[in-house]
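Novice: Quick one: this structure, given as structure tokens, is what I'll be asking you about.
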Amino acid sequence: MVNLISNDVSKFEELYKFIHHLWATPVEVLFVFGIIWNEIGIPTMFGYVVLLLQVPLQLCFSKKFGAYRKNTMRWTDERVKLTNEILVGGQIVKMYRWEEALETVIHNTRKKEFKSIRKANRIRAINMAIYFSSVSLVSLATFGGSWLMGQTLSSANIFTILSLFGVLRNQVAAGLPSAIEKFSDSLIPSKCINRFMNLWKQTHAKTFEEHSTDMSKRISGSIIMD
């Protein structure tokens, strides 16, 4: 329960900071597309192809991040459980001199937890690399396509397009991936919290079933009413 309150609930707070990017990003992408198309026409497609290729990549990263997060939570719960048991049974641990053995167990559990965290951080690092390089790649594709089509762009066109791509970078390469990451990050805690909240129902149903079975065993006769 302590782990649910201290770690799992905070994931929803982080999610609601980014959740609106899930619907705002497509709207902004279409709006900016119309403006850039009005400026340079067909070469807009070259840049948007590069931009939209990031979406399936982000979805793939989100799936992997969710799997790593699930493993991390499993090892975190195991470590917290072991630590709590050691603290509760401290006298027994000291009496049987189990300190070194239990320290090794917790150390190995923590090592597995760190391994999963490192994998998740690698995914996050790739996301950040895409974020910082997205404007350059999209601009290269757009202006390269414009050059191949023989168009001549003015400085006003170039700086307008760069500023618009800069706006999209915050949404497509930062806001949307963060929203997807936080959404996948909150799926596992939501299941844990839901299972914990429904625990009393399962206990109540089990108690009621045992009580009904016990009462049926006690009633051995029958009642006849005239």
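Just remember, in the structure tokens the first chain shown is A, the second B, etc., residues are 1-based per chain, and ligands are 1-based in the order shown.
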At a cut-off of 10 Å, using only C-alpha atoms, what residues contact A:Val32? Leave out same-chain residues fewer than 2 positions from it and give the result as a list in words.

Specialist: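 With the cut-off at 10 Å, the set is Val27, Glu28, Val29, Leu30, Gly34, Ile35, Ile36, Trp37, Asn38, Ile161, Leu164, Phe165, Val167 and Leu168 of chain A.
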
Novice: Since we have the selection now, will you write its residues out, keeping C-alpha atoms, as an mmCIF file, in the first residue's frame?

Specialist:
```
data_model
loop_
_atom_site.group_PDB
_atom_site.id
_atom_site.type_symbol
_atom_site.label_atom_id
_atom_site.label_comp_id
_atom_site.auth_asym_id
_atom_site.auth_seq_id
_atom_site.Cartn_x
_atom_site.Cartn_y
_atom_site.Cartn_z
ATOM 1 C CA VAL A 27 -4.764 19.416 -34.793
ATOM 2 C CA GLU A 28 -1.633 21.551 -34.714
ATOM 3 C CA VAL A 29 0.108 19.374 -37.310
ATOM 4 C CA LEU A 30 -2.770 19.834 -39.763
ATOM 5 C CA GLY A 34 -1.884 24.220 -44.299
ATOM 6 C CA ILE A 35 0.247 27.297 -43.600
ATOM 7 C CA ILE A 36 3.459 25.768 -44.998
ATOM 8 C CA TRP A 37 1.614 24.398 -48.022
ATOM 9 C CA ASN A 38 0.389 27.902 -48.726
ATOM 10 C CA ILE A 161 8.958 27.596 -42.263
ATOM 11 C CA LEU A 164 6.662 26.676 -37.810
ATOM 12 C CA PHE A 165 8.741 23.514 -37.726
ATOM 13 C CA VAL A 167 6.571 24.885 -33.072
ATOM 14 C CA LEU A 168 5.838 21.391 -34.353
#
```

Novice: Let me make sure I understand: among A:Ile188, A:Phe183, A:Ile123, A:Arg169, which one has the smallest atom-to-atom distance to A:Leu57 if we use only C-alpha atoms?

Specialist: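 Among the listed residues, the smallest separation from A:Leu57 belongs to A:Ile123.
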
Novice: Write down as number ranges by chain the residues of stretch 138-208 of chain A whose backbone DSSP state falls under alpha helix (DSSP H).

Specialist: A: 138-148, 155-168, 176-197, 199-208

Novice: At a cut-off of 6 Å, using only C-alpha atoms, what residues contact stretch 19-22 of chain A? Leave out same-chain residues fewer than 3 positions from it and give the result as a ChimeraX atom specification.

Specialist: /A:15-16,25,175-176,179

Novice: So, counting only C-alpha atoms, which residue among A:Pro189, A:Pro177, A:Gly66, A:Gly145 is closest to A:Pro43?

Specialist: A:Gly145

Novice: In Å, how far is it from atom CA of A:Glu181 to atom CA of A:Phe33?

Specialist: 25.2 Å

Novice: Could you check the closest approach to A:Leu140 for each of A:Pro26, A:Gly47, A:Gly41, A:Pro56 and tell me which residue wins, using only C-alpha atoms?

Specialist: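 Of A:Pro26, A:Gly47, A:Gly41, A:Pro56, the one nearest A:Leu140 is A:Gly47, counting only C-alpha atoms.
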
Novice: List as a ChimeraX atom specification the protein and nucleic acid residues near A:Leu102, meaning an atom at most 12 Å away when only C-alpha atoms are counted, but skip any in the same chain fewer than 6 places from it.

Specialist: /A:79,82-87,89-90,93-94,96,108-109

Novice: Select, from A:Ser133, A:Met73, A:Ile126, A:Ser139, the residue with the minimum atom-to-atom distance to A:Ser163, counting only C-alpha atoms.

Specialist: A:Ser139

Novice: Taking 6 positions as the minimum chain separation for residues in the same chain, which residues sit within 12 Å of A:Ile117 when counting only C-alpha atoms? Answer as a tab-separated table (two decimals) with N, CA, C and O atoms, in the first residue's frame.

Specialist:
```tsv
chain	number	residue	atom	x	y	z
A	64	LYS	N	7.95	-0.55	-25.78
A	64	LYS	CA	9.13	-1.06	-25.07
A	64	LYS	C	9.26	-0.42	-23.69
A	64	LYS	O	9.61	-1.08	-22.71
A	65	PHE	N	8.97	0.88	-23.63
A	65	PHE	CA	9.06	1.57	-22.35
A	65	PHE	C	8.06	0.99	-21.35
A	65	PHE	O	8.37	0.85	-20.16
A	66	GLY	N	6.86	0.66	-21.83
A	66	GLY	CA	5.86	0.06	-20.95
A	66	GLY	C	6.32	-1.29	-20.41
A	66	GLY	O	6.09	-1.62	-19.25
A	67	ALA	N	6.96	-2.08	-21.28
A	67	ALA	CA	7.47	-3.39	-20.83
A	67	ALA	C	8.57	-3.22	-19.79
A	67	ALA	O	8.60	-3.93	-18.78
A	68	TYR	N	9.47	-2.26	-20.03
A	68	TYR	CA	10.55	-2.02	-19.06
A	68	TYR	C	9.98	-1.49	-17.74
A	68	TYR	O	10.47	-1.84	-16.66
A	69	ARG	N	8.97	-0.66	-17.85
A	69	ARG	CA	8.35	-0.12	-16.64
A	69	ARG	C	7.68	-1.23	-15.83
A	69	ARG	O	7.74	-1.23	-14.59
A	70	LYS	N	7.07	-2.18	-16.52
A	70	LYS	CA	6.43	-3.30	-15.83
A	70	LYS	C	7.46	-4.12	-15.06
A	70	LYS	O	7.24	-4.50	-13.90
A	71	ASN	N	8.59	-4.39	-15.70
A	71	ASN	CA	9.66	-5.13	-15.02
A	71	ASN	C	10.22	-4.34	-13.84
A	71	ASN	O	10.50	-4.91	-12.77
A	72	THR	N	10.37	-3.03	-14.03
A	72	THR	CA	10.89	-2.20	-12.95
A	72	THR	C	9.96	-2.23	-11.74
A	72	THR	O	10.42	-2.36	-10.59
A	73	MET	N	8.67	-2.12	-11.98
A	73	MET	CA	7.71	-2.14	-10.87
A	73	MET	C	7.71	-3.50	-10.17
A	73	MET	O	7.58	-3.57	-8.94
A	74	ARG	N	7.88	-4.56	-10.94
A	74	ARG	CA	7.90	-5.89	-10.33
A	74	ARG	C	9.08	-6.03	-9.38
A	74	ARG	O	8.93	-6.51	-8.24
A	75	TRP	N	10.26	-5.59	-9.82
A	75	TRP	CA	11.44	-5.70	-8.96
A	75	TRP	C	11.40	-4.68	-7.82
A	75	TRP	O	11.91	-4.96	-6.73
A	76	THR	N	10.79	-3.52	-8.06
A	76	THR	CA	10.66	-2.55	-6.98
A	76	THR	C	9.75	-3.08	-5.87
A	76	THR	O	10.07	-2.95	-4.68
A	110	ARG	N	17.88	-5.33	-6.34
A	110	ARG	CA	18.13	-3.94	-6.74
A	110	ARG	C	18.90	-3.88	-8.06
A	110	ARG	O	18.66	-2.99	-8.89
A	111	LYS	N	19.80	-4.83	-8.27
A	111	LYS	CA	20.56	-4.87	-9.51
A	111	LYS	C	19.63	-5.12	-10.70
A	111	LYS	O	19.77	-4.50	-11.76
A	123	ILE	N	15.77	4.27	-23.92
A	123	ILE	CA	14.66	4.68	-24.78
A	123	ILE	C	14.39	6.17	-24.65
A	123	ILE	O	14.16	6.89	-25.63
A	124	ARG	N	14.45	6.67	-23.42
A	124	ARG	CA	14.23	8.10	-23.19
A	124	ARG	C	15.33	8.93	-23.85
A	124	ARG	O	15.06	10.02	-24.38
```

Novice: Pick out the closest residue to A:Val135 from this set: A:Phe31, A:Tyr48, A:Ser178, A:Phe114. Count only C-alpha atoms.

Specialist: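 Closest candidate: A:Tyr48.
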
Novice: Using only C-alpha atoms, pick whichever of A:Ala156, A:Val138, A:Ala101, A:Ile106 has the shortest atom-to-atom distance to A:Leu51.

Specialist: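 Selected residue with least distance to A:Leu51: A:Val138.
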
Novice: For A:Gly144, find every residue with an atom within 12 Å (counting only C-alpha atoms), except residues of its own chain fewer than 6 positions away, and show them as an MDAnalysis selection string.

Specialist: chainID A and resid 42:47 136:138 150:153
